[in-house]
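Here the structure is laid out as structure tokens; the discussion comes afterwards.
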Amino acid sequence: MRESNQTIIKFNYDKNYKSRDFFLSKSNKHVFNFLDKWPKWEKNFVNIIGDRLSGKTHLINIFLKKNKGIIIDANSLNDDYLKKIKVNENIIIENLTSNVDEKLLYSLLNLIEQDNKYIIITTLVPVVNFDFKLKDLKSRTKNFLLLNIEQPDDELIFAIIIKNLSDRQITLDKKLIQYITKRIERSYSNIHDFIYKIDQLSLKKKKSVDFKIIKEVLGE
């Protein structure tokens, strides 16, 4: 860890997606609480919507540690999964886009409904807004319950910054983190990109991250 005479804030970064490592805030708590109520859901079809790096994958992995299921990356969806879903009660399709094989997706949704299984899909925008050409599939998307992860508030931004700093073994004074929190663009991906940039600039300058580096990356 880099040398620093600043107050150190430690955060145990964990890539195992444990429930205790997921920071709850008003931006995501409603999604977490809904998943935690399984199987007492209003609908069997659920669409979790959120920006890149907003915590969708973390939420899904927390869910699957409690409930059996299968994760399918939408880019690898193929006919083989029509057989695999038969032995799983919960089916999760991550990173779904409108480029998916529409007939295959429609068949999968039909099987899930027929067998009274549960499906969660994660997307950047609501699936009901996808411009599917297959009318029956387009109609099916209206059956999804939409759960939107909102843009992060100050509390969540602060926590995400600490996580990313810890992952890169960077220590910062609490006041500097608060300074960043008040000025950084409120998007999950931008927060991750910002930490990456200050780390790279720090390495380039061969010095610890300080106020000057932070201001430079913020464009101030």
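Lettering and numbering for the structure tokens are positional, with chains as A, B, ... in the shown order, residues counted from 1 in each chain, and ligands counted from 1 in the shown order.
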
| said: Neighbouring residues of range 29-42 of chain A were defined as those with any atom within 12 Å, considering only C-alpha atoms; residues of the same chain fewer than 6 positions away were excluded. Please report them as a VMD selection string. | reply: chain A and resid 19 to 20 22 to 23 48 to 50 54 to 68 89 to 90 116 to 120 122 143 to 150 152 156

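Inside range 106-220 of chain A, the residues DSSP reads as strand (DSSP E or B) when given the backbone are Tyr118, Ile119, Ile120, Ile121, Thr122, Thr123, Leu145, Leu146, Leu147 and Asn148 of chain A.
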
Counting only C-alpha atoms, what is within 12 Å of Ile157 in chain A, bar same-chain residues fewer than 3 positions away, as an mmCIF file with C-alpha atoms, in the first residue's frame?
```
data_model
loop_
_atom_site.group_PDB
_atom_site.id
_atom_site.type_symbol
_atom_site.label_atom_id
_atom_site.label_comp_id
_atom_site.auth_asym_id
_atom_site.auth_seq_id
_atom_site.Cartn_x
_atom_site.Cartn_y
_atom_site.Cartn_z
ATOM 1 C CA PHE A 23 -23.777 -0.975 -0.003
ATOM 2 C CA LEU A 24 -27.477 -0.243 0.323
ATOM 3 C CA SER A 25 -28.802 3.231 -0.394
ATOM 4 C CA LYS A 26 -32.043 4.732 -1.628
ATOM 5 C CA SER A 27 -30.681 4.191 -5.153
ATOM 6 C CA SER A 54 -24.387 -0.002 -11.116
ATOM 7 C CA GLU A 150 -31.313 4.905 -9.743
ATOM 8 C CA GLN A 151 -28.302 7.167 -10.164
ATOM 9 C CA PRO A 152 -26.139 7.130 -7.010
ATOM 10 C CA ASP A 153 -26.714 9.623 -4.216
ATOM 11 C CA ASP A 154 -23.839 11.195 -2.250
ATOM 12 C CA ILE A 160 -18.173 3.371 -4.419
ATOM 13 C CA ILE A 161 -15.168 5.694 -4.392
ATOM 14 C CA ILE A 162 -13.815 3.989 -1.263
ATOM 15 C CA LYS A 163 -14.311 0.562 -2.817
ATOM 16 C CA ASN A 164 -12.446 1.506 -5.958
ATOM 17 C CA ILE A 177 -13.183 11.818 -0.901
ATOM 18 C CA GLN A 178 -15.956 14.218 0.081
ATOM 19 C CA TYR A 179 -14.489 16.785 -2.315
ATOM 20 C CA ILE A 180 -14.655 14.252 -5.154
ATOM 21 C CA THR A 181 -18.163 13.164 -4.168
ATOM 22 C CA LYS A 182 -19.520 16.703 -4.490
ATOM 23 C CA ARG A 183 -17.953 17.325 -7.904
ATOM 24 C CA ILE A 184 -17.887 14.070 -9.846
ATOM 25 C CA GLU A 185 -20.504 13.273 -12.469
ATOM 26 C CA ARG A 186 -23.256 11.131 -10.940
ATOM 27 C CA SER A 187 -22.894 7.947 -12.921
ATOM 28 C CA TYR A 188 -21.527 4.576 -11.845
ATOM 29 C CA SER A 189 -19.233 4.147 -14.822
ATOM 30 C CA ASN A 190 -17.839 7.671 -14.494
ATOM 31 C CA ILE A 191 -16.894 7.046 -10.845
ATOM 32 C CA HIS A 192 -14.969 3.901 -11.817
ATOM 33 C CA PHE A 194 -12.334 8.615 -12.486
ATOM 34 C CA ILE A 195 -10.531 6.369 -9.995
#
```

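In this model, the gap between CA of Glu155 in chain A and CA of Ser208 in chain A comes to 24.9 Å.
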
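CA of Lys205 in chain A lies 16.7 Å from CA of Thr171 in chain A.
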
| request: Assign secondary structure with DSSP using the backbone only, and return the residues of chain A in helix (DSSP H, G or I) as a count of residues only. | output: 108

| request: Between CA of Ser98 in chain A and CA of Asn28 in chain A, measure the distance and give it in Å to one decimal. | output: 24.6 Å

Using only C-alpha atoms, which residues sit within 12 Å of Ile93 in chain A once same-chain residues fewer than 4 positions away are excluded, as an mmCIF file with N, CA and C atoms, in the first residue's frame?
```cif
data_model
loop_
_atom_site.group_PDB
_atom_site.id
_atom_site.type_symbol
_atom_site.label_atom_id
_atom_site.label_comp_id
_atom_site.auth_asym_id
_atom_site.auth_seq_id
_atom_site.Cartn_x
_atom_site.Cartn_y
_atom_site.Cartn_z
ATOM 1 N N PHE A 45 -41.609 -12.604 -14.008
ATOM 2 C CA PHE A 45 -40.726 -11.979 -14.986
ATOM 3 C C PHE A 45 -40.236 -10.643 -14.425
ATOM 4 N N VAL A 46 -38.922 -10.533 -14.223
ATOM 5 C CA VAL A 46 -38.351 -9.336 -13.600
ATOM 6 C C VAL A 46 -37.229 -8.762 -14.462
ATOM 7 N N ASN A 47 -37.243 -7.467 -14.628
ATOM 8 C CA ASN A 47 -36.215 -6.762 -15.402
ATOM 9 C C ASN A 47 -35.503 -5.758 -14.489
ATOM 10 N N ILE A 48 -34.217 -6.031 -14.190
ATOM 11 C CA ILE A 48 -33.414 -5.091 -13.408
ATOM 12 C C ILE A 48 -32.676 -4.176 -14.375
ATOM 13 N N LYS A 56 -25.747 -4.423 -10.772
ATOM 14 C CA LYS A 56 -26.698 -5.458 -11.202
ATOM 15 C C LYS A 56 -26.135 -6.862 -10.980
ATOM 16 N N THR A 57 -24.881 -7.070 -11.383
ATOM 17 C CA THR A 57 -24.260 -8.392 -11.238
ATOM 18 C C THR A 57 -24.087 -8.759 -9.766
ATOM 19 N N ILE A 60 -27.442 -9.900 -8.448
ATOM 20 C CA ILE A 60 -27.777 -11.224 -8.971
ATOM 21 C C ILE A 60 -27.016 -12.319 -8.219
ATOM 22 N N GLY A 69 -30.198 -21.335 -9.120
ATOM 23 C CA GLY A 69 -30.535 -20.811 -10.436
ATOM 24 C C GLY A 69 -29.351 -20.871 -11.382
ATOM 25 N N ILE A 70 -29.546 -20.330 -12.547
ATOM 26 C CA ILE A 70 -28.511 -20.335 -13.584
ATOM 27 C C ILE A 70 -28.371 -18.937 -14.171
ATOM 28 N N ILE A 71 -27.111 -18.520 -14.383
ATOM 29 C CA ILE A 71 -26.840 -17.232 -15.031
ATOM 30 C C ILE A 71 -26.433 -17.493 -16.479
ATOM 31 N N ILE A 72 -27.048 -16.761 -17.376
ATOM 32 C CA ILE A 72 -26.726 -16.866 -18.798
ATOM 33 C C ILE A 72 -26.347 -15.478 -19.309
ATOM 34 N N ASP A 73 -25.165 -15.365 -19.882
ATOM 35 C CA ASP A 73 -24.819 -14.105 -20.532
ATOM 36 C C ASP A 73 -25.565 -14.045 -21.852
ATOM 37 N N ALA A 74 -26.268 -12.953 -22.093
ATOM 38 C CA ALA A 74 -27.108 -12.845 -23.289
ATOM 39 C C ALA A 74 -26.318 -13.084 -24.570
ATOM 40 N N ASN A 75 -25.046 -12.743 -24.570
ATOM 41 C CA ASN A 75 -24.217 -12.915 -25.767
ATOM 42 C C ASN A 75 -23.932 -14.381 -26.078
ATOM 43 N N SER A 76 -24.095 -15.251 -25.075
ATOM 44 C CA SER A 76 -23.809 -16.678 -25.289
ATOM 45 C C SER A 76 -25.084 -17.525 -25.322
ATOM 46 N N LEU A 77 -26.222 -16.872 -25.357
ATOM 47 C CA LEU A 77 -27.500 -17.582 -25.369
ATOM 48 C C LEU A 77 -27.620 -18.448 -26.621
ATOM 49 N N ASN A 78 -27.899 -19.746 -26.432
ATOM 50 C CA ASN A 78 -28.077 -20.651 -27.565
ATOM 51 C C ASN A 78 -29.111 -21.723 -27.220
ATOM 52 N N TYR A 81 -29.422 -23.912 -23.890
ATOM 53 C CA TYR A 81 -29.984 -23.402 -22.642
ATOM 54 C C TYR A 81 -31.462 -23.734 -22.490
ATOM 55 N N ILE A 85 -32.443 -24.893 -18.651
ATOM 56 C CA ILE A 85 -33.367 -24.181 -17.765
ATOM 57 C C ILE A 85 -34.391 -25.128 -17.142
ATOM 58 N N THR A 97 -29.621 -7.293 -24.760
ATOM 59 C CA THR A 97 -29.801 -6.181 -25.690
ATOM 60 C C THR A 97 -30.774 -6.617 -26.774
ATOM 61 N N VAL A 100 -30.285 -9.792 -29.441
ATOM 62 C CA VAL A 100 -30.446 -11.199 -29.115
ATOM 63 C C VAL A 100 -31.264 -11.923 -30.189
ATOM 64 N N LEU A 105 -35.144 -16.300 -27.695
ATOM 65 C CA LEU A 105 -35.567 -15.656 -26.454
ATOM 66 C C LEU A 105 -37.055 -15.879 -26.211
ATOM 67 N N LEU A 108 -37.586 -19.358 -24.974
ATOM 68 C CA LEU A 108 -37.134 -19.476 -23.594
ATOM 69 C C LEU A 108 -38.167 -18.894 -22.632
ATOM 70 N N LEU A 109 -38.718 -17.742 -22.968
ATOM 71 C CA LEU A 109 -39.723 -17.112 -22.113
ATOM 72 C C LEU A 109 -40.980 -17.968 -22.015
ATOM 73 N N TYR A 118 -38.984 -18.694 -12.717
ATOM 74 C CA TYR A 118 -38.738 -17.269 -12.539
ATOM 75 C C TYR A 118 -37.587 -16.836 -13.448
ATOM 76 N N ILE A 119 -37.715 -15.643 -14.009
ATOM 77 C CA ILE A 119 -36.635 -15.123 -14.840
ATOM 78 C C ILE A 119 -36.315 -13.682 -14.441
ATOM 79 N N ILE A 120 -35.024 -13.401 -14.368
ATOM 80 C CA ILE A 120 -34.532 -12.038 -14.155
ATOM 81 C C ILE A 120 -33.640 -11.691 -15.332
ATOM 82 N N ILE A 121 -33.894 -10.568 -15.961
ATOM 83 C CA ILE A 121 -32.987 -10.100 -17.005
ATOM 84 C C ILE A 121 -32.416 -8.760 -16.572
ATOM 85 N N THR A 122 -31.147 -8.539 -16.877
ATOM 86 C CA THR A 122 -30.523 -7.257 -16.569
ATOM 87 C C THR A 122 -30.263 -6.521 -17.870
ATOM 88 N N THR A 123 -30.584 -5.250 -17.881
ATOM 89 C CA THR A 123 -30.452 -4.431 -19.083
ATOM 90 C C THR A 123 -30.033 -3.007 -18.712
ATOM 91 N N VAL A 127 -36.526 -3.405 -20.934
ATOM 92 C CA VAL A 127 -36.690 -4.342 -22.044
ATOM 93 C C VAL A 127 -37.934 -4.014 -22.866
#
```
